[in-house]
>>> print(open('data.txt').read())   # compact mmCIF, N, CA, C and O atoms
# COMPACT_ATOMS: atom_id res chain seq x y z
N MET A 1 -4.96 16.06 34.90
CA MET A 1 -4.30 16.21 33.63
C MET A 1 -3.64 14.87 33.25
O MET A 1 -2.97 14.25 34.07
N ALA A 2 -3.84 14.47 32.01
CA ALA A 2 -3.30 13.20 31.54
C ALA A 2 -1.79 13.33 31.27
O ALA A 2 -1.30 14.37 30.85
N LYS A 3 -1.09 12.27 31.55
CA LYS A 3 0.36 12.24 31.30
C LYS A 3 0.62 12.20 29.80
O LYS A 3 -0.05 11.49 29.06
N ILE A 4 1.58 12.97 29.36
CA ILE A 4 1.96 13.01 27.95
C ILE A 4 3.24 12.20 27.79
O ILE A 4 4.20 12.36 28.54
N ASN A 5 3.24 11.31 26.81
CA ASN A 5 4.38 10.44 26.55
C ASN A 5 5.04 10.82 25.23
O ASN A 5 4.36 10.96 24.22
N PHE A 6 6.35 10.95 25.25
CA PHE A 6 7.11 11.25 24.05
C PHE A 6 8.19 10.20 23.86
O PHE A 6 8.82 9.75 24.81
N HIS A 7 8.41 9.83 22.60
CA HIS A 7 9.56 9.01 22.22
C HIS A 7 10.32 9.84 21.20
O HIS A 7 9.77 10.23 20.17
N ILE A 8 11.58 10.11 21.48
CA ILE A 8 12.42 10.89 20.57
C ILE A 8 13.43 9.94 19.96
O ILE A 8 14.18 9.28 20.67
N LEU A 9 13.44 9.86 18.63
CA LEU A 9 14.38 9.02 17.91
C LEU A 9 15.55 9.89 17.48
O LEU A 9 15.35 10.94 16.88
N SER A 10 16.77 9.48 17.79
CA SER A 10 17.93 10.30 17.49
C SER A 10 19.17 9.44 17.26
O SER A 10 19.29 8.35 17.82
N LEU A 11 20.07 9.97 16.45
CA LEU A 11 21.39 9.34 16.31
C LEU A 11 22.29 9.74 17.47
O LEU A 11 23.33 9.15 17.70
N PHE A 12 21.87 10.77 18.21
CA PHE A 12 22.68 11.31 19.29
C PHE A 12 21.84 11.41 20.57
O PHE A 12 21.54 12.51 21.05
N PRO A 13 21.46 10.30 21.16
CA PRO A 13 20.56 10.34 22.32
C PRO A 13 21.16 11.02 23.55
O PRO A 13 20.44 11.63 24.32
N LYS A 14 22.47 10.98 23.71
CA LYS A 14 23.11 11.63 24.87
C LYS A 14 22.96 13.15 24.83
O LYS A 14 23.05 13.81 25.85
N MET A 15 22.70 13.69 23.66
CA MET A 15 22.53 15.12 23.49
C MET A 15 21.35 15.65 24.33
O MET A 15 21.31 16.81 24.71
N PHE A 16 20.40 14.79 24.66
CA PHE A 16 19.20 15.21 25.39
C PHE A 16 19.36 15.11 26.91
O PHE A 16 18.49 15.56 27.64
N ASP A 17 20.46 14.55 27.39
CA ASP A 17 20.65 14.34 28.83
C ASP A 17 20.51 15.63 29.64
O ASP A 17 19.80 15.67 30.64
N GLY A 18 21.17 16.69 29.22
CA GLY A 18 21.13 17.94 29.97
C GLY A 18 19.74 18.53 30.03
O GLY A 18 19.27 18.96 31.09
N VAL A 19 19.05 18.57 28.93
CA VAL A 19 17.71 19.15 28.88
C VAL A 19 16.73 18.35 29.74
O VAL A 19 15.88 18.92 30.43
N LEU A 20 16.86 17.05 29.72
CA LEU A 20 15.91 16.20 30.44
C LEU A 20 16.18 16.14 31.95
O LEU A 20 15.33 15.71 32.71
N THR A 21 17.37 16.57 32.38
CA THR A 21 17.70 16.46 33.80
C THR A 21 17.87 17.80 34.51
O THR A 21 18.01 17.82 35.72
N SER A 22 17.86 18.91 33.77
CA SER A 22 18.11 20.19 34.44
C SER A 22 17.30 21.33 33.83
O SER A 22 17.85 22.38 33.54
N SER A 23 16.03 21.12 33.66
CA SER A 23 15.19 22.17 33.10
C SER A 23 13.77 22.00 33.61
O SER A 23 13.49 21.15 34.45
N MET A 24 12.87 22.83 33.09
CA MET A 24 11.46 22.69 33.47
C MET A 24 10.92 21.32 33.05
O MET A 24 10.04 20.77 33.69
N ILE A 25 11.48 20.78 31.98
CA ILE A 25 11.08 19.45 31.54
C ILE A 25 11.39 18.42 32.62
O ILE A 25 10.60 17.51 32.87
N SER A 26 12.52 18.57 33.30
CA SER A 26 12.87 17.63 34.37
C SER A 26 11.85 17.69 35.51
O SER A 26 11.50 16.67 36.10
N ARG A 27 11.34 18.88 35.81
CA ARG A 27 10.31 19.00 36.85
C ARG A 27 9.01 18.32 36.41
O ARG A 27 8.34 17.67 37.22
N ALA A 28 8.66 18.46 35.15
CA ALA A 28 7.45 17.80 34.63
C ALA A 28 7.61 16.28 34.70
O ALA A 28 6.66 15.57 35.04
N ILE A 29 8.81 15.80 34.40
CA ILE A 29 9.07 14.36 34.49
C ILE A 29 8.97 13.89 35.95
O ILE A 29 8.33 12.88 36.23
N LYS A 30 9.59 14.64 36.87
CA LYS A 30 9.55 14.28 38.29
C LYS A 30 8.14 14.30 38.86
O LYS A 30 7.80 13.51 39.74
N ASN A 31 7.29 15.21 38.35
CA ASN A 31 5.91 15.30 38.80
C ASN A 31 4.98 14.37 38.02
O ASN A 31 3.76 14.46 38.16
N ASP A 32 5.55 13.49 37.22
CA ASP A 32 4.82 12.47 36.46
C ASP A 32 3.78 13.08 35.51
O ASP A 32 2.71 12.50 35.29
N LEU A 33 4.09 14.24 34.96
CA LEU A 33 3.21 14.87 33.98
C LEU A 33 3.62 14.50 32.56
O LEU A 33 2.80 14.52 31.64
N VAL A 34 4.89 14.17 32.41
CA VAL A 34 5.46 13.88 31.10
C VAL A 34 6.42 12.70 31.24
O VAL A 34 7.11 12.56 32.24
N SER A 35 6.44 11.85 30.22
CA SER A 35 7.51 10.84 30.14
C SER A 35 8.17 11.02 28.78
O SER A 35 7.51 11.26 27.78
N ILE A 36 9.50 10.95 28.80
CA ILE A 36 10.26 11.13 27.57
C ILE A 36 11.29 10.01 27.49
O ILE A 36 12.11 9.84 28.38
N ALA A 37 11.20 9.26 26.41
CA ALA A 37 12.17 8.20 26.14
C ALA A 37 12.96 8.60 24.91
O ALA A 37 12.39 8.91 23.86
N VAL A 38 14.28 8.64 25.03
CA VAL A 38 15.14 8.96 23.90
C VAL A 38 15.71 7.65 23.39
O VAL A 38 16.34 6.89 24.13
N ILE A 39 15.48 7.38 22.12
CA ILE A 39 15.82 6.09 21.53
C ILE A 39 16.91 6.27 20.49
O ILE A 39 16.81 7.14 19.62
N ASP A 40 17.95 5.45 20.57
CA ASP A 40 19.05 5.49 19.62
C ASP A 40 18.67 4.73 18.35
O ASP A 40 18.45 3.51 18.39
N ILE A 41 18.57 5.44 17.25
CA ILE A 41 18.18 4.83 15.97
C ILE A 41 19.18 3.76 15.56
O ILE A 41 18.81 2.77 14.92
N ARG A 42 20.44 3.91 15.96
CA ARG A 42 21.46 2.92 15.57
C ARG A 42 21.15 1.52 16.12
O ARG A 42 21.62 0.52 15.59
N ASP A 43 20.36 1.45 17.17
CA ASP A 43 19.98 0.14 17.73
C ASP A 43 19.07 -0.64 16.79
O ASP A 43 18.84 -1.83 17.00
N TYR A 44 18.57 0.00 15.75
CA TYR A 44 17.62 -0.65 14.85
C TYR A 44 18.18 -0.85 13.45
O TYR A 44 17.45 -1.14 12.51
N THR A 45 19.49 -0.71 13.29
CA THR A 45 20.13 -0.99 12.00
C THR A 45 20.29 -2.49 11.84
O THR A 45 20.14 -3.26 12.80
N GLU A 46 20.60 -2.91 10.62
CA GLU A 46 20.69 -4.34 10.34
C GLU A 46 22.09 -4.79 9.95
O GLU A 46 22.27 -5.91 9.49
N ASP A 47 23.08 -3.92 10.10
CA ASP A 47 24.45 -4.32 9.77
C ASP A 47 25.35 -4.20 10.98
O ASP A 47 25.01 -3.56 11.97
N LYS A 48 26.50 -4.81 10.91
CA LYS A 48 27.39 -4.85 12.07
C LYS A 48 28.02 -3.50 12.40
O LYS A 48 28.53 -3.30 13.49
N HIS A 49 27.96 -2.55 11.46
CA HIS A 49 28.56 -1.24 11.69
C HIS A 49 27.53 -0.20 12.15
O HIS A 49 27.88 0.97 12.32
N SER A 50 26.28 -0.60 12.32
CA SER A 50 25.19 0.31 12.73
C SER A 50 25.09 1.50 11.78
O SER A 50 24.98 2.65 12.19
N THR A 51 25.12 1.22 10.49
CA THR A 51 25.08 2.25 9.46
C THR A 51 23.71 2.88 9.35
O THR A 51 22.70 2.18 9.25
N THR A 52 23.67 4.20 9.38
CA THR A 52 22.41 4.92 9.21
C THR A 52 22.43 5.83 7.99
O THR A 52 21.40 6.40 7.64
N ASP A 53 23.58 5.99 7.35
CA ASP A 53 23.69 6.85 6.17
C ASP A 53 23.23 6.11 4.93
O ASP A 53 23.37 4.89 4.81
N ASP A 54 22.69 6.87 3.98
CA ASP A 54 22.26 6.32 2.71
C ASP A 54 22.89 7.15 1.60
O ASP A 54 23.48 8.20 1.86
N TYR A 55 22.74 6.69 0.36
CA TYR A 55 23.27 7.43 -0.77
C TYR A 55 22.36 8.61 -1.09
O TYR A 55 21.14 8.54 -0.92
N GLN A 56 22.97 9.68 -1.59
CA GLN A 56 22.19 10.84 -1.98
C GLN A 56 21.47 10.56 -3.30
O GLN A 56 22.01 9.93 -4.18
N PHE A 57 20.25 11.02 -3.36
CA PHE A 57 19.46 10.86 -4.57
C PHE A 57 19.16 12.26 -5.09
O PHE A 57 18.59 13.08 -4.38
N GLY A 58 19.58 12.56 -6.31
CA GLY A 58 19.30 13.87 -6.88
C GLY A 58 20.41 14.87 -6.69
O GLY A 58 20.25 16.03 -7.02
N GLY A 59 21.53 14.46 -6.13
CA GLY A 59 22.67 15.35 -6.01
C GLY A 59 22.56 16.32 -4.84
O GLY A 59 21.66 16.25 -4.03
N GLY A 60 23.51 17.22 -4.79
CA GLY A 60 23.54 18.21 -3.72
C GLY A 60 24.40 17.75 -2.56
O GLY A 60 24.71 16.57 -2.41
N ALA A 61 24.77 18.72 -1.74
CA ALA A 61 25.62 18.42 -0.59
C ALA A 61 24.77 17.97 0.58
O ALA A 61 23.58 18.21 0.64
N GLY A 62 25.40 17.31 1.52
CA GLY A 62 24.72 16.91 2.74
C GLY A 62 24.67 15.41 2.91
O GLY A 62 25.17 14.65 2.09
N MET A 63 24.06 15.01 4.00
CA MET A 63 23.96 13.59 4.32
C MET A 63 22.50 13.16 4.21
O MET A 63 21.59 13.95 4.45
N VAL A 64 22.31 11.92 3.87
CA VAL A 64 20.97 11.35 3.76
C VAL A 64 20.88 10.19 4.75
O VAL A 64 21.78 9.36 4.82
N MET A 65 19.81 10.15 5.49
CA MET A 65 19.63 9.07 6.46
C MET A 65 18.80 7.95 5.84
O MET A 65 17.78 8.21 5.19
N SER A 66 19.20 6.74 6.06
CA SER A 66 18.49 5.58 5.55
C SER A 66 17.15 5.43 6.27
O SER A 66 17.07 5.61 7.49
N ILE A 67 16.12 5.06 5.54
CA ILE A 67 14.80 4.89 6.15
C ILE A 67 14.72 3.56 6.93
O ILE A 67 13.91 3.43 7.84
N GLN A 68 15.56 2.60 6.59
CA GLN A 68 15.47 1.27 7.20
C GLN A 68 15.50 1.28 8.72
O GLN A 68 14.61 0.74 9.37
N PRO A 69 16.50 1.91 9.38
CA PRO A 69 16.49 1.88 10.84
C PRO A 69 15.34 2.67 11.45
O PRO A 69 14.81 2.30 12.50
N ILE A 70 14.93 3.76 10.79
CA ILE A 70 13.80 4.54 11.29
C ILE A 70 12.53 3.71 11.23
O ILE A 70 11.75 3.66 12.18
N ASP A 71 12.32 3.04 10.10
CA ASP A 71 11.13 2.20 9.94
C ASP A 71 11.14 1.05 10.93
O ASP A 71 10.11 0.74 11.55
N ASN A 72 12.29 0.41 11.12
CA ASN A 72 12.39 -0.68 12.10
C ASN A 72 12.03 -0.20 13.50
O ASN A 72 11.31 -0.87 14.24
N CYS A 73 12.54 0.96 13.87
CA CYS A 73 12.31 1.52 15.20
C CYS A 73 10.83 1.85 15.40
O CYS A 73 10.22 1.45 16.39
N ILE A 74 10.25 2.57 14.46
CA ILE A 74 8.84 2.95 14.59
C ILE A 74 7.94 1.73 14.57
O ILE A 74 6.98 1.64 15.35
N SER A 75 8.24 0.75 13.73
CA SER A 75 7.44 -0.48 13.70
C SER A 75 7.48 -1.20 15.04
O SER A 75 6.46 -1.68 15.53
N GLN A 76 8.66 -1.26 15.65
CA GLN A 76 8.80 -1.91 16.96
C GLN A 76 8.02 -1.14 18.03
O GLN A 76 7.34 -1.72 18.86
N LEU A 77 8.12 0.18 18.01
CA LEU A 77 7.39 1.00 18.99
C LEU A 77 5.87 0.85 18.82
O LEU A 77 5.14 0.78 19.80
N LYS A 78 5.41 0.77 17.58
CA LYS A 78 3.97 0.61 17.33
C LYS A 78 3.46 -0.73 17.84
O LYS A 78 2.29 -0.86 18.19
N LYS A 79 4.32 -1.74 17.86
CA LYS A 79 3.92 -3.04 18.41
C LYS A 79 3.74 -2.98 19.92
O LYS A 79 2.98 -3.73 20.50
N GLN A 80 4.47 -2.05 20.56
CA GLN A 80 4.43 -1.93 22.01
C GLN A 80 3.27 -1.09 22.51
O GLN A 80 2.81 -1.27 23.63
N ARG A 81 2.81 -0.11 21.71
CA ARG A 81 1.73 0.77 22.15
C ARG A 81 1.06 1.44 20.97
O ARG A 81 1.59 1.45 19.88
N ASP A 82 -0.10 2.02 21.22
CA ASP A 82 -0.86 2.73 20.21
C ASP A 82 -0.55 4.22 20.33
O ASP A 82 -0.60 4.78 21.43
N TYR A 83 -0.22 4.86 19.24
CA TYR A 83 0.15 6.28 19.25
C TYR A 83 -0.99 7.13 18.71
O TYR A 83 -1.63 6.78 17.73
N ASP A 84 -1.21 8.29 19.36
CA ASP A 84 -2.16 9.26 18.84
C ASP A 84 -1.60 9.94 17.60
O ASP A 84 -2.30 10.19 16.64
N GLU A 85 -0.33 10.29 17.66
CA GLU A 85 0.33 10.97 16.56
C GLU A 85 1.79 10.55 16.48
O GLU A 85 2.40 10.24 17.48
N ILE A 86 2.30 10.59 15.27
CA ILE A 86 3.73 10.43 15.05
C ILE A 86 4.15 11.65 14.23
O ILE A 86 3.58 11.92 13.17
N ILE A 87 5.10 12.41 14.73
CA ILE A 87 5.54 13.64 14.08
C ILE A 87 6.95 13.42 13.56
O ILE A 87 7.86 13.07 14.31
N TYR A 88 7.13 13.61 12.26
CA TYR A 88 8.44 13.47 11.64
C TYR A 88 9.01 14.86 11.37
O TYR A 88 8.35 15.70 10.76
N LEU A 89 10.21 15.12 11.84
CA LEU A 89 10.90 16.35 11.51
C LEU A 89 11.80 16.06 10.32
O LEU A 89 12.68 15.21 10.39
N THR A 90 11.53 16.72 9.20
CA THR A 90 12.26 16.44 7.97
C THR A 90 12.94 17.70 7.44
O THR A 90 12.53 18.80 7.74
N PRO A 91 13.97 17.51 6.62
CA PRO A 91 14.69 18.65 6.05
C PRO A 91 14.14 19.13 4.72
O PRO A 91 14.85 19.69 3.92
N ASP A 92 12.87 18.90 4.44
CA ASP A 92 12.35 19.23 3.12
C ASP A 92 11.76 20.63 2.99
O ASP A 92 11.07 20.93 2.04
N GLY A 93 12.06 21.50 3.93
CA GLY A 93 11.59 22.88 3.86
C GLY A 93 12.52 23.76 3.06
O GLY A 93 13.47 23.30 2.43
N LYS A 94 12.26 25.06 3.09
CA LYS A 94 13.11 26.01 2.40
C LYS A 94 14.46 26.14 3.13
O LYS A 94 14.51 26.06 4.34
N THR A 95 15.52 26.37 2.35
CA THR A 95 16.84 26.56 2.92
C THR A 95 16.90 27.89 3.66
O THR A 95 16.45 28.91 3.14
N LEU A 96 17.41 27.86 4.87
CA LEU A 96 17.57 29.06 5.68
C LEU A 96 18.91 29.70 5.37
O LEU A 96 19.96 29.06 5.53
N ASN A 97 18.90 30.90 4.87
CA ASN A 97 20.13 31.63 4.52
C ASN A 97 20.31 32.81 5.43
O ASN A 97 19.41 33.49 5.78
>>> encode(input="data.txt", output="structure tokens")
Amino acid sequence: MAKINFHILSLFPKMFDGVLTSSMISRAIKNDLVSIAVIDIRDYTEDKHSTTDDYQFGGGAGMVMSIQPIDNCISQLKKQRDYDEIIYLTPDGKTLN
């Protein structure tokens, strides 16, 4: 079975520590079936405050994330290796009530 590699981009990379070290995923990692790298998107910002928020477009409540650090991160990762797929989780679905 081929090893599966994942890169997870997050503003909160420490949030994944428990799952990656104390679950079935940790056994898959130890058995070299899966590799998971959690990457802090703030490392790819271009300002001294590591800003990831952007202005809202179209109104409404909530926060908007700037595309700049995400694009910088993905561009850097693509330079390091070839990806079969890149999956983006976005908030553009129906509101859950």
>>> residues_around(input="data.txt", residues="Ala2 (chain A)", least_positions_apart="2", cutoff="7 Å", atoms="all atoms listed in the file", output="list in words")
Ile4, Asn5, Asp32, Leu33 and Val34 of chain A
>>> atom_distance(input="data.txt", atom1="CA of Lys3 (chain A)", atom2="CA of Ile39 (chain A)")
19.3 Å
>>> atom_distance(input="data.txt", atom1="atom N of Asn72 (chain A)", atom2="atom C of Tyr44 (chain A)")
6.5 Å
>>> residues_around(input="data.txt", residues="Asp43 (chain A)", least_positions_apart="2", cutoff="12 Å", atoms="only C-alpha atoms", output="VMD selection string")
chain A and resid 9 to 13 38 to 41 45 to 52 68 to 74 76
>>> atom_distance(input="data.txt", atom1="CA of Ile36 (chain A)", atom2="atom O of His7 (chain A)")
7.5 Å
>>> build_atoms(input="data.txt", residues="region 41-52 of chain A", atoms="all heavy atoms", output="short mmCIF file (atom, residue, chain, number, x, y, z; two decimals), in the frame of the given file")
data_model
loop_
_atom_site.label_atom_id
_atom_site.label_comp_id
_atom_site.auth_asym_id
_atom_site.auth_seq_id
_atom_site.Cartn_x
_atom_site.Cartn_y
_atom_site.Cartn_z
N ILE A 41 18.57 5.44 17.25
CA ILE A 41 18.18 4.83 15.97
C ILE A 41 19.18 3.76 15.56
O ILE A 41 18.81 2.77 14.92
CB ILE A 41 18.05 5.91 14.88
CG1 ILE A 41 16.87 6.84 15.23
CG2 ILE A 41 17.84 5.30 13.50
CD1 ILE A 41 16.75 8.05 14.34
N ARG A 42 20.44 3.91 15.96
CA ARG A 42 21.46 2.92 15.57
C ARG A 42 21.15 1.52 16.12
O ARG A 42 21.62 0.52 15.59
CB ARG A 42 22.84 3.36 16.03
CG ARG A 42 23.36 4.56 15.30
CD ARG A 42 24.77 4.91 15.72
NE ARG A 42 25.14 6.24 15.31
CZ ARG A 42 25.51 6.57 14.08
NH1 ARG A 42 25.55 5.65 13.14
NH2 ARG A 42 25.84 7.82 13.79
N ASP A 43 20.36 1.45 17.17
CA ASP A 43 19.98 0.14 17.73
C ASP A 43 19.07 -0.64 16.79
O ASP A 43 18.84 -1.83 17.00
CB ASP A 43 19.27 0.32 19.07
CG ASP A 43 20.19 0.86 20.15
OD1 ASP A 43 21.43 0.77 19.99
OD2 ASP A 43 19.67 1.37 21.16
N TYR A 44 18.57 0.00 15.75
CA TYR A 44 17.62 -0.65 14.85
C TYR A 44 18.18 -0.85 13.45
O TYR A 44 17.45 -1.14 12.51
CB TYR A 44 16.32 0.18 14.79
CG TYR A 44 15.62 0.17 16.12
CD1 TYR A 44 15.94 1.12 17.09
CD2 TYR A 44 14.70 -0.80 16.44
CE1 TYR A 44 15.33 1.10 18.33
CE2 TYR A 44 14.09 -0.84 17.67
CZ TYR A 44 14.42 0.12 18.61
OH TYR A 44 13.82 0.09 19.85
N THR A 45 19.49 -0.71 13.29
CA THR A 45 20.13 -0.99 12.00
C THR A 45 20.29 -2.49 11.84
O THR A 45 20.14 -3.26 12.80
CB THR A 45 21.50 -0.29 11.91
OG1 THR A 45 22.33 -0.77 12.96
CG2 THR A 45 21.36 1.22 11.99
N GLU A 46 20.60 -2.91 10.62
CA GLU A 46 20.69 -4.34 10.34
C GLU A 46 22.09 -4.79 9.95
O GLU A 46 22.27 -5.91 9.49
CB GLU A 46 19.68 -4.72 9.25
CG GLU A 46 18.25 -4.51 9.71
CD GLU A 46 17.21 -4.82 8.65
OE1 GLU A 46 17.58 -4.98 7.46
OE2 GLU A 46 16.03 -4.91 9.01
N ASP A 47 23.08 -3.92 10.10
CA ASP A 47 24.45 -4.32 9.77
C ASP A 47 25.35 -4.20 10.98
O ASP A 47 25.01 -3.56 11.97
CB ASP A 47 24.98 -3.50 8.59
CG ASP A 47 25.21 -2.05 8.94
OD1 ASP A 47 24.40 -1.50 9.70
OD2 ASP A 47 26.18 -1.45 8.44
N LYS A 48 26.50 -4.81 10.91
CA LYS A 48 27.39 -4.85 12.07
C LYS A 48 28.02 -3.50 12.40
O LYS A 48 28.53 -3.30 13.49
CB LYS A 48 28.47 -5.91 11.89
CG LYS A 48 29.47 -5.60 10.78
CD LYS A 48 30.50 -6.70 10.66
CE LYS A 48 31.50 -6.39 9.57
NZ LYS A 48 32.53 -7.41 9.46
N HIS A 49 27.96 -2.55 11.46
CA HIS A 49 28.56 -1.24 11.69
C HIS A 49 27.53 -0.20 12.15
O HIS A 49 27.88 0.97 12.32
CB HIS A 49 29.24 -0.74 10.42
CG HIS A 49 30.31 -1.66 9.92
ND1 HIS A 49 31.50 -1.88 10.59
CD2 HIS A 49 30.37 -2.45 8.83
CE1 HIS A 49 32.24 -2.74 9.94
NE2 HIS A 49 31.57 -3.11 8.86
N SER A 50 26.28 -0.60 12.32
CA SER A 50 25.19 0.31 12.73
C SER A 50 25.09 1.50 11.78
O SER A 50 24.98 2.65 12.19
CB SER A 50 25.38 0.79 14.16
OG SER A 50 25.37 -0.30 15.05
N THR A 51 25.12 1.22 10.49
CA THR A 51 25.08 2.25 9.46
C THR A 51 23.71 2.88 9.35
O THR A 51 22.70 2.18 9.25
CB THR A 51 25.48 1.66 8.09
OG1 THR A 51 26.75 1.03 8.22
CG2 THR A 51 25.54 2.72 7.02
N THR A 52 23.67 4.20 9.38
CA THR A 52 22.41 4.92 9.21
C THR A 52 22.43 5.83 7.99
O THR A 52 21.40 6.40 7.64
CB THR A 52 22.10 5.78 10.46
OG1 THR A 52 23.16 6.71 10.66
CG2 THR A 52 21.92 4.91 11.68
#
